[in-house]
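Student: What follows is upload-v7.tsv, TSV, C-alpha atoms.
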chain	number	residue	atom	x	y	z
T	1	LEU	CA	25.52	-5.47	19.66
T	2	PRO	CA	25.87	-5.37	23.42
T	3	LEU	CA	26.29	-1.98	24.99
T	4	ARG	CA	29.79	-1.24	26.22
T	5	SER	CA	30.23	0.53	29.50
T	6	SER	CA	32.78	3.17	30.36
T	7	MET	CA	34.32	0.52	32.64
T	8	ASP	CA	34.91	-1.72	29.60
T	9	ASP	CA	36.58	1.21	27.86
T	10	GLY	CA	38.72	1.83	30.93
T	11	LEU	CA	39.78	-1.82	31.08
T	12	ASP	CA	40.62	-1.78	27.39
T	13	ASP	CA	42.70	1.36	27.91
T	14	LEU	CA	44.45	-0.22	30.88
T	15	ALA	CA	45.20	-3.41	28.91
T	16	ALA	CA	46.62	-1.36	26.04
T	17	SER	CA	48.76	0.67	28.43
T	18	LEU	CA	50.13	-2.49	30.04
T	19	ARG	CA	50.92	-4.04	26.64
T	20	ASP	CA	52.73	-0.89	25.52
T	21	ALA	CA	54.63	-0.22	28.77
T	22	ASP	CA	58.34	-0.85	29.15
T	23	ALA	CA	57.73	-1.62	32.82
T	24	ALA	CA	54.66	-2.01	35.00
T	25	THR	CA	54.28	-2.35	38.77
T	26	ALA	CA	51.08	-2.75	40.75
T	27	PHE	CA	50.73	-0.85	44.01
T	28	THR	CA	48.24	-2.41	46.42
T	29	GLY	CA	46.79	-1.76	49.84
T	30	ALA	CA	44.04	-3.04	52.09
T	31	GLY	CA	41.37	-2.87	49.40
T	32	VAL	CA	42.89	-5.76	47.46
T	33	SER	CA	42.76	-8.12	50.47
T	34	ALA	CA	39.41	-7.04	51.93
T	35	PRO	CA	37.43	-9.36	49.59
T	36	SER	CA	39.47	-12.26	50.99
T	37	GLY	CA	38.19	-11.49	54.48
T	38	VAL	CA	41.08	-9.38	55.77
T	39	PRO	CA	39.55	-6.40	57.57
T	40	THR	CA	40.83	-2.96	56.67
T	41	PHE	CA	42.52	-0.79	59.27
T	42	ARG	CA	40.91	2.53	58.41
T	43	GLY	CA	37.60	3.68	57.05
T	44	LYS	CA	34.02	2.96	58.00
T	45	ASP	CA	34.60	-0.65	59.05
T	46	GLY	CA	38.29	-0.28	59.92
T	47	ILE	CA	39.63	-1.98	63.01
T	48	TRP	CA	41.65	1.04	64.19
T	49	GLY	CA	39.46	2.87	66.63
T	50	ALA	CA	36.58	0.40	66.51
T	51	ARG	CA	38.41	-2.58	68.01
T	52	PHE	CA	42.03	-1.58	68.55
T	53	ASP	CA	43.97	1.48	69.60
T	54	PRO	CA	46.87	2.15	67.21
T	55	ALA	CA	48.89	3.38	70.23
T	56	ASP	CA	49.06	-0.23	71.45
T	57	PHE	CA	51.05	-1.10	68.32
T	58	LYS	CA	53.74	1.55	68.54
T	59	TYR	CA	57.38	0.50	68.50
T	60	ASP	CA	57.94	2.41	71.77
T	61	ARG	CA	55.20	0.35	73.41
T	62	PHE	CA	56.82	-2.87	72.11
T	63	ARG	CA	60.15	-1.83	73.64
T	64	ALA	CA	58.62	-0.72	76.97
T	65	ASP	CA	56.12	-3.57	77.41
T	66	PRO	CA	56.91	-6.45	75.07
T	67	ALA	CA	54.79	-8.93	77.06
T	68	GLY	CA	51.70	-6.69	76.93
T	69	PHE	CA	52.38	-5.90	73.29
T	70	TRP	CA	52.32	-9.61	72.43
T	71	VAL	CA	48.99	-10.10	74.23
T	72	ASP	CA	47.48	-7.35	72.06
T	73	ARG	CA	49.28	-8.62	68.96
T	74	LEU	CA	47.67	-12.06	69.37
T	75	GLU	CA	44.24	-10.46	69.52
T	76	LEU	CA	45.00	-8.32	66.44
T	77	ARG	CA	46.34	-11.33	64.55
T	78	GLU	CA	43.09	-13.20	65.19
T	79	ALA	CA	41.02	-10.17	64.12
T	80	LEU	CA	43.00	-10.04	60.85
T	81	ASN	CA	42.06	-13.67	60.14
T	82	VAL	CA	45.72	-14.62	59.72
T	83	GLY	CA	46.05	-18.13	58.32
T	84	THR	CA	42.34	-18.49	57.56
T	85	VAL	CA	42.01	-16.45	54.35
T	86	ASP	CA	42.95	-17.22	50.77
T	87	PRO	CA	43.98	-15.05	47.84
T	88	ASN	CA	41.09	-13.65	45.84
T	89	PRO	CA	40.73	-13.06	42.08
T	90	ALA	CA	42.60	-9.73	42.30
T	91	HIS	CA	45.65	-11.44	43.83
T	92	GLN	CA	45.38	-14.19	41.21
T	93	ALA	CA	45.10	-11.68	38.35
T	94	LEU	CA	48.24	-9.85	39.47
T	95	ALA	CA	50.14	-13.14	39.75
T	96	ASP	CA	48.90	-14.13	36.27
T	97	LEU	CA	50.07	-10.80	34.86
T	98	GLU	CA	53.48	-11.33	36.42
T	99	ARG	CA	53.74	-14.86	34.97
T	100	ALA	CA	52.74	-13.46	31.57
T	101	GLU	CA	55.57	-10.92	31.94
T	102	VAL	CA	53.12	-8.03	31.66
T	103	LEU	CA	53.68	-6.95	35.25
T	104	ASP	CA	57.16	-6.58	36.72
T	105	GLY	CA	56.00	-6.99	40.30
T	106	VAL	CA	53.84	-5.78	43.16
T	107	VAL	CA	54.54	-3.19	45.83
T	108	THR	CA	52.13	-3.62	48.71
T	109	GLN	CA	51.33	-2.10	52.07
T	110	ASN	CA	49.66	-5.37	53.06
T	111	THR	CA	51.35	-7.70	55.52
T	112	ASP	CA	49.14	-10.73	54.81
T	113	GLY	CA	51.32	-12.60	52.26
T	114	LEU	CA	48.35	-13.19	49.95
T	115	HIS	CA	50.19	-11.93	46.85
T	116	GLN	CA	52.83	-14.63	47.34
T	117	ALA	CA	50.18	-17.23	48.12
T	118	ALA	CA	48.58	-16.41	44.77
T	119	GLY	CA	51.91	-16.96	43.00
T	120	SER	CA	53.43	-13.50	42.73
T	121	GLU	CA	57.18	-13.82	43.09
T	122	ARG	CA	58.38	-10.22	42.87
T	123	VAL	CA	56.65	-8.59	45.84
T	124	VAL	CA	57.96	-5.65	47.84
T	125	GLU	CA	56.26	-5.59	51.24
T	126	LEU	CA	56.50	-1.99	52.40
T	127	HIS	CA	55.22	-2.79	55.89
T	128	GLY	CA	56.72	-6.27	56.24
T	129	ASN	CA	55.02	-9.63	56.56
T	130	GLY	CA	52.87	-10.72	59.48
T	131	GLY	CA	53.67	-14.34	58.71
T	132	ARG	CA	57.19	-13.83	60.07
T	133	VAL	CA	58.88	-12.63	63.23
T	134	VAL	CA	62.30	-11.02	63.49
T	135	CYS	CA	64.79	-11.00	66.33
T	136	THR	CA	65.51	-7.45	67.45
T	137	SER	CA	69.09	-8.47	68.36
T	138	CYS	CA	70.39	-10.78	65.62
T	139	ASP	CA	67.86	-10.01	62.82
T	140	GLN	CA	67.07	-13.70	62.30
T	141	ARG	CA	63.67	-14.11	60.65
T	142	GLN	CA	61.42	-17.11	61.06
T	143	ALA	CA	57.84	-18.19	60.59
T	144	ALA	CA	55.44	-16.53	63.01
T	145	ALA	CA	53.08	-19.48	63.54
T	146	PRO	CA	55.31	-21.46	65.95
T	147	ILE	CA	56.17	-18.27	67.84
T	148	VAL	CA	52.47	-17.40	68.13
T	149	GLU	CA	51.90	-20.84	69.66
T	150	ARG	CA	54.68	-20.16	72.18
T	151	VAL	CA	52.98	-16.87	73.09
T	152	ARG	CA	49.61	-18.64	73.45
T	153	ASP	CA	51.33	-21.14	75.74
T	154	GLY	CA	52.48	-18.26	77.98
T	155	GLU	CA	55.90	-17.24	76.69
T	156	ARG	CA	55.58	-13.47	76.82
T	157	PRO	CA	57.54	-11.99	75.34
T	158	PRO	CA	58.89	-14.65	73.01
T	159	THR	CA	62.66	-14.71	72.65
T	160	CYS	CA	65.07	-15.84	69.96
T	161	GLU	CA	66.39	-19.36	70.39
T	162	GLN	CA	69.68	-18.29	68.75
T	163	CYS	CA	70.63	-15.28	70.86
T	164	GLY	CA	67.88	-14.68	73.46
T	165	GLY	CA	66.82	-11.37	71.91
T	166	LEU	CA	63.22	-10.18	71.76
T	167	LEU	CA	61.12	-11.43	68.87
T	168	LYS	CA	58.89	-8.92	67.11
T	169	PRO	CA	56.39	-9.36	64.30
T	170	ASP	CA	58.25	-8.67	61.05
T	171	VAL	CA	56.01	-5.70	60.33
T	172	THR	CA	56.57	-1.97	60.56
T	173	LEU	CA	55.06	-0.74	63.79
T	174	PHE	CA	53.94	2.84	64.35
T	175	GLY	CA	57.05	4.91	65.06
T	176	GLU	CA	59.38	2.60	63.11
T	177	SER	CA	61.00	3.52	59.83
T	178	LEU	CA	60.10	1.57	56.73
T	179	PRO	CA	62.69	-1.08	55.80
T	180	ARG	CA	65.44	0.12	53.47
Let me see the file written as structure tokens.

Tutor:
Amino acid sequence: LPLRSSMDDGLDDLAASLRDADAATAFTGAGVSAPSGVPTFRGKDGIWGARFDPADFKYDRFRADPAGFWVDRLELREALNVGTVDPNPAHQALADLERAEVLDGVVTQNTDGLHQAAGSERVVELHGNGGRVVCTSCDQRQAAAPIVERVRDGERPPTCEQCGGLLKPDVTLFGESLPR
């Protein structure tokens, strides 16, 4: 007989707990997306401190210098490999568990949208979604990619075509409250 590891026992225990649970939710953070190529923000190889100053991504900075904020946001977006990474087996497994009605949903700190790309439908994004922008005046949300192109073409800061308000990445910046 093959030797079983304590990890196998742990996985068996986890599977049994999921089967027996009335409800189950997965909570995820940067570690689930790192294998896809999304760099983490903190830790040994984190991009805060090494490449970017968190102070540049404060809500107060966005309000005071939206044009400069967007220059830095473009650089951060590229460093996060937005649009160039795919879900990994962890994202797929969580989506499979949701489809099998074992998992009720995912609560994530990640803003990369990889859970949805893997097929998860019930995802709570605590810090928002970097694939969208939101108007600070009328709250209209739209895909970020065309707005990013406008910024690359020199529109800084980008403004809402509906009302002329400032557009902001639909993520929680430092100094902002989490969405209700």

Student: Could you please determine the separation between atom CA of Gly49 of chain T and atom CA of Asn81 of chain T in Å, to one decimal place?

Tutor: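 Interatomic distance here is 18.0 Å.
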
Student: Please, which residues are within 6 Å of (50.0, -6.2, 37.2) by the file's coordinates, counting only C-alpha atoms, and could they come as a count of residues only?

Tutor: 5

Student: With only C-alpha atoms as the atoms that count, which of T:Arg122, T:Ala117, T:Asp53, T:Asn129 lies nearest to Phe41 of chain T?

Tutor: T:Asp53

Student: When you look at Asp56 of chain T with a cut-off of 12 Å (counting all atoms listed in the file), what residues show up, excluding the ones that are within fewer than 5 positions of it in the same chain? I need them as a VMD selection string.

Tutor: chain T and resid 48 to 49 51 61 to 73 75 to 76 173 to 175

Student: Go through T:Val107, T:Leu74, T:Phe27, T:Glu176 one by one, measure the shortest atom-to-atom distance of each to Gly154 of chain T using all atoms listed in the file, and give the residue with the smallest value.

Tutor: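 Ranked by minimum distance to Gly154 of chain T, first place goes to T:Leu74.
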
Student: If you count all atoms listed in the file, which residues fall within 6 Å of Ala118 of chain T, apart from same-chain ones fewer than 3 positions away, as a list in words?

Tutor: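 What passes the distance filter is Pro87, His91, Gln92 and His115 of chain T.
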
Student: Which neighbours of segment 139-141 of chain T fall inside 10 Å, counting only C-alpha atoms, when residues of the same chain fewer than 3 positions from it are skipped, and could you give them as a list in words?

Tutor: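 The neighbour list is Arg132, Val133, Val134, Cys135, Thr136, Ala144, Cys160, Glu161, Gln162, Cys163, Gly165, Leu167, Lys168, Pro169 and Asp170 of chain T.
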
Student: Could you tell me how far atom CA of Ala143 of chain T sits from atom CA of Gly128 of chain T, in Å to one decimal place?

Tutor: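 Separation between atom CA of Gly128 of chain T and atom CA of Ala143 of chain T: 12.7 Å.
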
Student: Distance atom CA of Pro35 of chain T-atom CA of Gly113 of chain T, one decimal place?

Tutor: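 Atom CA of Gly113 of chain T lies at a distance of 14.5 Å from atom CA of Pro35 of chain T.
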
Student: Measuring between all atoms listed in the file, which one of T:Leu18, T:Ala34, T:Ala79, T:Val123 shows the shortest distance to Ala100 of chain T?

Tutor: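 Using all atoms listed in the file, Ala100 of chain T sits closest to T:Leu18.
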
Student: So which one's closest to Ser177 of chain T, T:Arg19, T:Lys44, T:Arg99, T:His127? Using all atoms listed in the file, please.

Tutor: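 Using all atoms listed in the file, Ser177 of chain T sits closest to T:His127.
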
Student: With all atoms listed in the file as the basis for distance, which of T:Val32, T:Leu114, T:Leu166, T:Val124 is at the shortest distance from Ser137 of chain T?

Tutor: T:Leu166

Student: Box for segment 29-41 of chain T - axis-aligned, 4 Å on each of the six sides, all listed atoms - centre and size in Å to one decimal, as JSON.

Tutor:
{"center_x": 42.1, "center_y": -6.5, "center_z": 53.4, "size_x": 17.4, "size_y": 19.5, "size_z": 19.8}

Student: Using all atoms listed in the file, which of the listed residues (T:Cys138, T:Val102, T:Val171, T:Val148) sits closest to Ala15 of chain T?

Tutor: T:Val102
